[in-house]
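Colleague: My structure is stored as my_file.txt, with compact mmCIF, C-alpha atoms and all ligand atoms.
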```txt
# COMPACT_ATOMS: atom_id res chain seq x y z
CA MET A 1 126.35 -183.24 129.64
CA SER A 2 123.18 -184.59 131.20
CA LEU A 3 121.98 -182.22 133.89
CA LEU A 4 119.13 -182.40 136.39
CA THR A 5 117.99 -179.20 138.08
CA VAL A 6 115.31 -179.42 140.76
CA TYR A 7 113.04 -176.43 141.45
CA ALA A 8 110.23 -175.71 143.88
CA ASP A 9 107.14 -175.86 141.67
CA ASP A 10 105.53 -172.68 143.02
CA ALA A 11 108.50 -170.36 143.03
CA ASN A 12 110.97 -171.36 140.35
CA VAL A 13 113.60 -171.53 143.11
CA GLU A 14 116.49 -173.86 142.39
CA LEU A 15 116.81 -176.50 145.11
CA ALA A 16 119.45 -178.88 143.77
CA ARG A 17 121.52 -179.73 140.73
CA TYR A 18 122.97 -183.11 139.67
CA SER A 19 125.16 -184.12 136.72
CA GLU A 20 126.27 -187.68 137.56
CA GLU A 21 124.17 -190.65 136.46
CA PRO A 22 123.68 -192.25 139.92
CA ALA A 23 122.69 -188.95 141.53
CA ILE A 24 120.28 -188.06 138.70
CA ALA A 25 118.71 -191.53 138.80
CA LYS A 26 118.31 -191.43 142.57
CA ALA A 27 116.67 -187.99 142.58
CA LEU A 28 114.22 -188.99 139.82
CA GLU A 29 113.26 -192.20 141.66
CA ASP A 30 111.36 -189.96 144.08
CA ILE A 31 108.76 -189.30 141.37
CA GLY A 32 108.96 -192.75 139.78
CA VAL A 33 110.97 -191.61 136.76
CA ARG A 34 113.72 -193.91 135.55
CA PHE A 35 117.03 -192.62 134.22
CA GLU A 36 119.91 -194.67 132.81
CA ARG A 37 122.83 -194.24 130.46
CA TRP A 38 123.26 -196.87 127.74
CA GLN A 39 126.24 -197.68 125.54
CA ALA A 40 125.81 -198.99 122.00
CA ALA A 41 127.58 -202.26 121.26
CA VAL A 42 128.74 -200.88 117.92
CA PRO A 43 129.52 -197.29 116.83
CA LEU A 44 126.63 -195.66 115.01
CA GLN A 45 127.33 -194.37 111.50
CA PRO A 46 126.15 -190.85 110.49
CA ASP A 47 123.88 -192.33 107.81
CA ALA A 48 122.39 -194.97 110.11
CA THR A 49 118.81 -195.89 109.25
CA GLN A 50 115.99 -196.51 111.73
CA GLN A 51 116.68 -200.25 111.39
CA ASP A 52 120.41 -199.77 112.06
CA ILE A 53 119.65 -197.74 115.17
CA LEU A 54 117.12 -200.22 116.55
CA ALA A 55 119.54 -203.10 115.83
CA ALA A 56 122.42 -201.35 117.66
CA TYR A 57 120.34 -201.18 120.84
CA ALA A 58 118.34 -204.40 120.35
CA PRO A 59 119.38 -206.09 123.64
CA GLN A 60 118.53 -203.03 125.74
CA ILE A 61 115.24 -202.48 123.89
CA ALA A 62 114.27 -206.14 124.36
CA ALA A 63 115.03 -206.07 128.09
CA LEU A 64 113.13 -202.85 128.70
CA SER A 65 110.20 -203.96 126.52
CA SER A 66 109.68 -207.21 128.38
CA GLU A 67 109.96 -205.43 131.71
CA GLY A 68 107.58 -202.60 130.83
CA GLY A 69 105.24 -204.41 128.44
CA TYR A 70 106.19 -202.28 125.43
CA THR A 71 105.19 -203.76 122.09
CA THR A 72 106.78 -201.45 119.54
CA ALA A 73 109.84 -199.27 119.05
CA ASP A 74 110.56 -196.56 116.51
CA VAL A 75 113.03 -193.77 115.90
CA VAL A 76 112.23 -190.06 115.78
CA ARG A 77 114.80 -187.72 114.24
CA LEU A 78 114.61 -183.94 114.20
CA LYS A 79 117.09 -181.51 112.66
CA ALA A 80 117.61 -177.80 113.26
CA ASP A 81 116.39 -176.88 109.76
CA HIS A 82 113.10 -178.79 109.99
CA PRO A 83 110.46 -176.46 108.45
CA GLU A 84 107.91 -177.38 111.14
CA ARG A 85 110.34 -177.02 114.08
CA ALA A 86 108.54 -174.10 115.74
CA ALA A 87 105.17 -175.89 115.64
CA MET A 88 106.74 -179.14 116.78
CA ARG A 89 108.42 -177.38 119.69
CA GLN A 90 105.08 -175.93 120.80
CA LYS A 91 103.28 -179.26 120.62
CA PHE A 92 104.55 -180.69 123.91
CA ILE A 93 105.87 -177.60 125.68
CA GLU A 94 102.73 -177.25 127.85
CA GLU A 95 102.15 -179.52 130.84
CA HIS A 96 100.46 -182.80 129.91
CA THR A 97 100.13 -186.47 130.79
CA HIS A 98 99.82 -189.68 128.80
CA ALA A 99 97.81 -192.83 129.51
CA GLU A 100 100.98 -194.85 128.97
CA ASP A 101 104.67 -194.47 129.79
CA GLU A 102 106.81 -192.07 127.76
CA VAL A 103 110.08 -193.87 127.05
CA ARG A 104 112.88 -192.14 125.16
CA PHE A 105 116.48 -193.05 124.49
CA PHE A 106 118.69 -190.32 123.01
CA VAL A 107 120.90 -191.76 120.27
CA GLU A 108 122.24 -188.28 119.49
CA GLY A 109 121.47 -184.64 120.19
CA SER A 110 119.58 -183.34 123.22
CA GLY A 111 116.35 -182.01 124.68
CA ALA A 112 114.88 -181.03 128.05
CA PHE A 113 112.22 -182.93 129.98
CA TYR A 114 110.41 -181.24 132.83
CA LEU A 115 108.80 -183.62 135.33
CA HIS A 116 106.29 -182.31 137.85
CA GLY A 117 105.76 -184.14 141.14
CA GLN A 118 106.21 -183.97 144.94
CA GLY A 119 105.81 -180.18 144.82
CA GLN A 120 108.84 -179.88 142.58
CA VAL A 121 109.79 -179.50 138.92
CA TYR A 122 112.67 -181.69 137.75
CA ARG A 123 114.32 -180.24 134.64
CA LEU A 124 116.39 -182.94 132.97
CA VAL A 125 118.54 -182.10 129.96
CA CYS A 126 118.95 -185.41 128.15
CA GLU A 127 121.86 -186.04 125.82
CA ARG A 128 123.32 -188.90 123.81
CA ASN A 129 123.10 -192.27 125.63
CA ASP A 130 120.41 -191.10 128.07
CA LEU A 131 117.31 -193.20 128.69
CA ILE A 132 114.29 -191.68 130.41
CA ARG A 133 111.03 -193.39 131.33
CA VAL A 134 108.20 -191.16 132.49
CA PRO A 135 105.41 -193.24 134.06
CA ALA A 136 101.86 -192.94 132.73
CA GLN A 137 99.89 -190.04 134.29
CA THR A 138 103.02 -188.12 135.39
CA PRO A 139 102.57 -184.40 134.56
CA HIS A 140 105.46 -183.27 132.37
CA TRP A 141 106.48 -181.24 129.35
CA PHE A 142 109.32 -181.31 126.81
CA ASP A 143 111.33 -178.54 125.17
CA MET A 144 113.45 -179.39 122.12
CA GLY A 145 114.72 -175.79 121.86
CA PRO A 146 114.58 -173.33 118.94
CA THR A 147 117.06 -175.33 116.82
CA PRO A 148 116.11 -178.93 117.62
CA HIS A 149 118.67 -181.64 117.10
CA PHE A 150 118.01 -185.14 118.34
CA THR A 151 117.49 -188.73 117.34
CA ALA A 152 115.58 -190.77 119.89
CA ILE A 153 114.26 -194.31 120.17
CA ARG A 154 110.67 -194.42 121.42
CA LEU A 155 109.01 -197.42 123.04
CA PHE A 156 105.23 -197.80 123.13
CA THR A 157 102.63 -200.02 124.69
CA ASP A 158 100.19 -198.89 121.99
CA PRO A 159 101.47 -196.22 119.59
CA ALA A 160 97.93 -195.43 118.48
CA GLY A 161 97.04 -194.48 122.04
CA TRP A 162 100.03 -192.24 122.64
CA VAL A 163 98.46 -188.78 122.83
CA GLY A 164 99.01 -185.86 125.18
CA HIS A 165 96.31 -184.89 127.68
CA PHE A 166 96.93 -181.25 128.54
CA THR A 167 96.40 -180.23 132.15
CA GLY A 168 95.51 -176.62 131.28
CA SER A 169 98.24 -175.37 133.62
CA THR A 170 100.62 -172.63 132.47
CA ILE A 171 103.33 -173.81 134.88
CA SER A 172 105.78 -174.46 132.04
CA HIS A 173 105.94 -170.72 131.30
CA ALA A 174 107.58 -170.07 134.69
CA PHE A 175 110.62 -172.29 134.08
CA PRO A 176 113.75 -171.79 131.96
CA LEU A 177 113.31 -172.82 128.33
CA TYR A 178 115.79 -175.09 126.64
CA GLU A 179 117.97 -172.88 124.43
CA ARG A 180 120.41 -175.25 122.89
FE FE B 1 104.85 -186.23 126.84
```
Show me this structure written as structure tokens.

Modeller:
Amino acid sequence: MSLLTVYADDANVELARYSEEPAIAKALEDIGVRFERWQAAVPLQPDATQQDILAAYAPQIAALSSEGGYTTADVVRLKADHPERAAMRQKFIEEHTHAEDEVRFFVEGSGAFYLHGQGQVYRLVCERNDLIRVPAQTPHWFDMGPTPHFTAIRLFTDPAGWVGHFTGSTISHAFPLYER
């Protein structure tokens, strides 16, 4: 179940918790983050390829791309037995920003985004059917957990330019990890 927990950013004190789509979306609007739940037009098969997945969500991808100016879409898939999972988990677990939006749609599995703004940390556990758009320059981090399992569609303005700029803050260490 998708779950948003809001904390004070200086004290790790829980301020609010939301599990319904409208309430999650409304709370995240305060920091400019977009949250939606999408439904695929056709059921996705277990052996679906990247092309199958992009085709299943083509109308939604097209609408969001024209609205946000995204030029490319791809699919990232991570399994719990990935040999590089520990290193991959560490890659984006420290607070960072990007020069462009971070757009993710969870086709399956889950992961936790932590958005930092307005003196608060918004911890959003995303699951299947969840779309999140983090605006460019928003401080955030992501925890896929020790046994990562997710398939996500990513949209980019310029995939070559999508790199993390780390803030140097250790704030992420003060908040609950994602232990799927
Ligand atoms: Fe990021």

Colleague: Using only C-alpha atoms and all ligand atoms for the distances, tell me which of A:Ala27, A:Leu78, A:Ile132, A:Ala40 is nearest to ligand FE 1 (chain B).

Modeller: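 Comparing A:Ala27, A:Leu78, A:Ile132, A:Ala40 against ligand FE 1 (chain B), the winner is A:Ile132.
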
Colleague: Which of these residues is nearest to His140 of chain A, using all atoms listed in the file: A:Gln60, A:Met88, A:Val75, A:Val33?

Modeller: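 The closest residue to His140 of chain A is A:Val33.
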
Colleague: So how far away is atom CA of Leu155 of chain A from atom CA of Pro139 of chain A, in Å?

Modeller: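 Straight-line distance from atom CA of Pro139 of chain A to atom CA of Leu155 of chain A works out to 18.5 Å.
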
Colleague: Report as a PyMOL selection string which protein, DNA and RNA residues come within 12 Å of ligand FE 1 (chain B), using all atoms listed in the file.

Modeller: chain A and resi 89-104+112-116+132-144+154+162-167

Colleague: Could you tell me how far atom CA of Asp52 of chain A sits from atom CA of Arg34 of chain A, in Å to one decimal place?

Modeller: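 Atom-to-atom, atom CA of Arg34 of chain A and atom CA of Asp52 of chain A are spaced 25.1 Å apart.
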
Colleague: Suppose you want the space between atom CA of Ala41 of chain A and atom CA of Glu29 of chain A; what is it in Å?

Modeller: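 About the pair atom CA of Ala41 of chain A and atom CA of Glu29 of chain A: they are 26.9 Å apart.
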
Colleague: Which is closer to Glu108 of chain A than all the others in A:Ala73, A:Leu44, A:Ala160, A:Ala80, using all atoms listed in the file?

Modeller: A:Leu44

Colleague: Between A:Phe156, A:Phe105, A:Phe175, A:Phe150, which residue has the minimum interatomic distance to Leu54 of chain A, considering all atoms listed in the file?

Modeller: A:Phe105

Colleague: Select, from A:Pro146, A:Leu4, A:Val76, A:Ile24, the residue with the minimum atom-to-atom distance to Arg37 of chain A, counting only C-alpha atoms.

Modeller: A:Ile24

Colleague: With all atoms listed in the file as the basis for distance, which of A:Pro176, A:Gly111, A:Pro46, A:Gly68 is at the shortest distance from Asp130 of chain A?

Modeller: A:Gly111

Colleague: Quick one: residues within 9 Å of Thr71 of chain A, all atoms listed in the file, excluding same-chain residues fewer than 4 positions away - as a list in words?

Modeller: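 Near neighbours after the sequence-gap exclusion: Ser65, Ser66, Leu155, Phe156, Thr157, Asp158 and Pro159 of chain A.
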
Colleague: Export C-alpha atoms of the chosen residues as a PDB file, in the coordinates of the input?

Modeller:
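The result, stored in out35.pdb:
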```pdb
ATOM      1  CA  SER A  65     110.200-203.960 126.520  1.00  0.00           C
ATOM      2  CA  SER A  66     109.680-207.210 128.380  1.00  0.00           C
ATOM      3  CA  LEU A 155     109.010-197.420 123.040  1.00  0.00           C
ATOM      4  CA  PHE A 156     105.230-197.800 123.130  1.00  0.00           C
ATOM      5  CA  THR A 157     102.630-200.020 124.690  1.00  0.00           C
ATOM      6  CA  ASP A 158     100.190-198.890 121.990  1.00  0.00           C
ATOM      7  CA  PRO A 159     101.470-196.220 119.590  1.00  0.00           C
TER       8      PRO A 159
END
```

Colleague: From (117.1, -192.8, 117.3), in the file's coordinates, out to 6 Å: which residues are reached, counting all atoms listed in the file? Answer as a list in words.

Modeller: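 Within 6 Å of (117.1, -192.8, 117.3), the protein and nucleic acid residues are Ile53, Val75, Val76, Val107, Thr151, Ala152 and Ile153 of chain A.
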
Colleague: Give as an MDAnalysis selection string the set of residues within 8 Å of the point (107.2, -177.6, 139.5), where distances use the file's coordinates and all atoms listed in the file.

Modeller: chainID A and resid 7:10 12 115:117 119:122 171
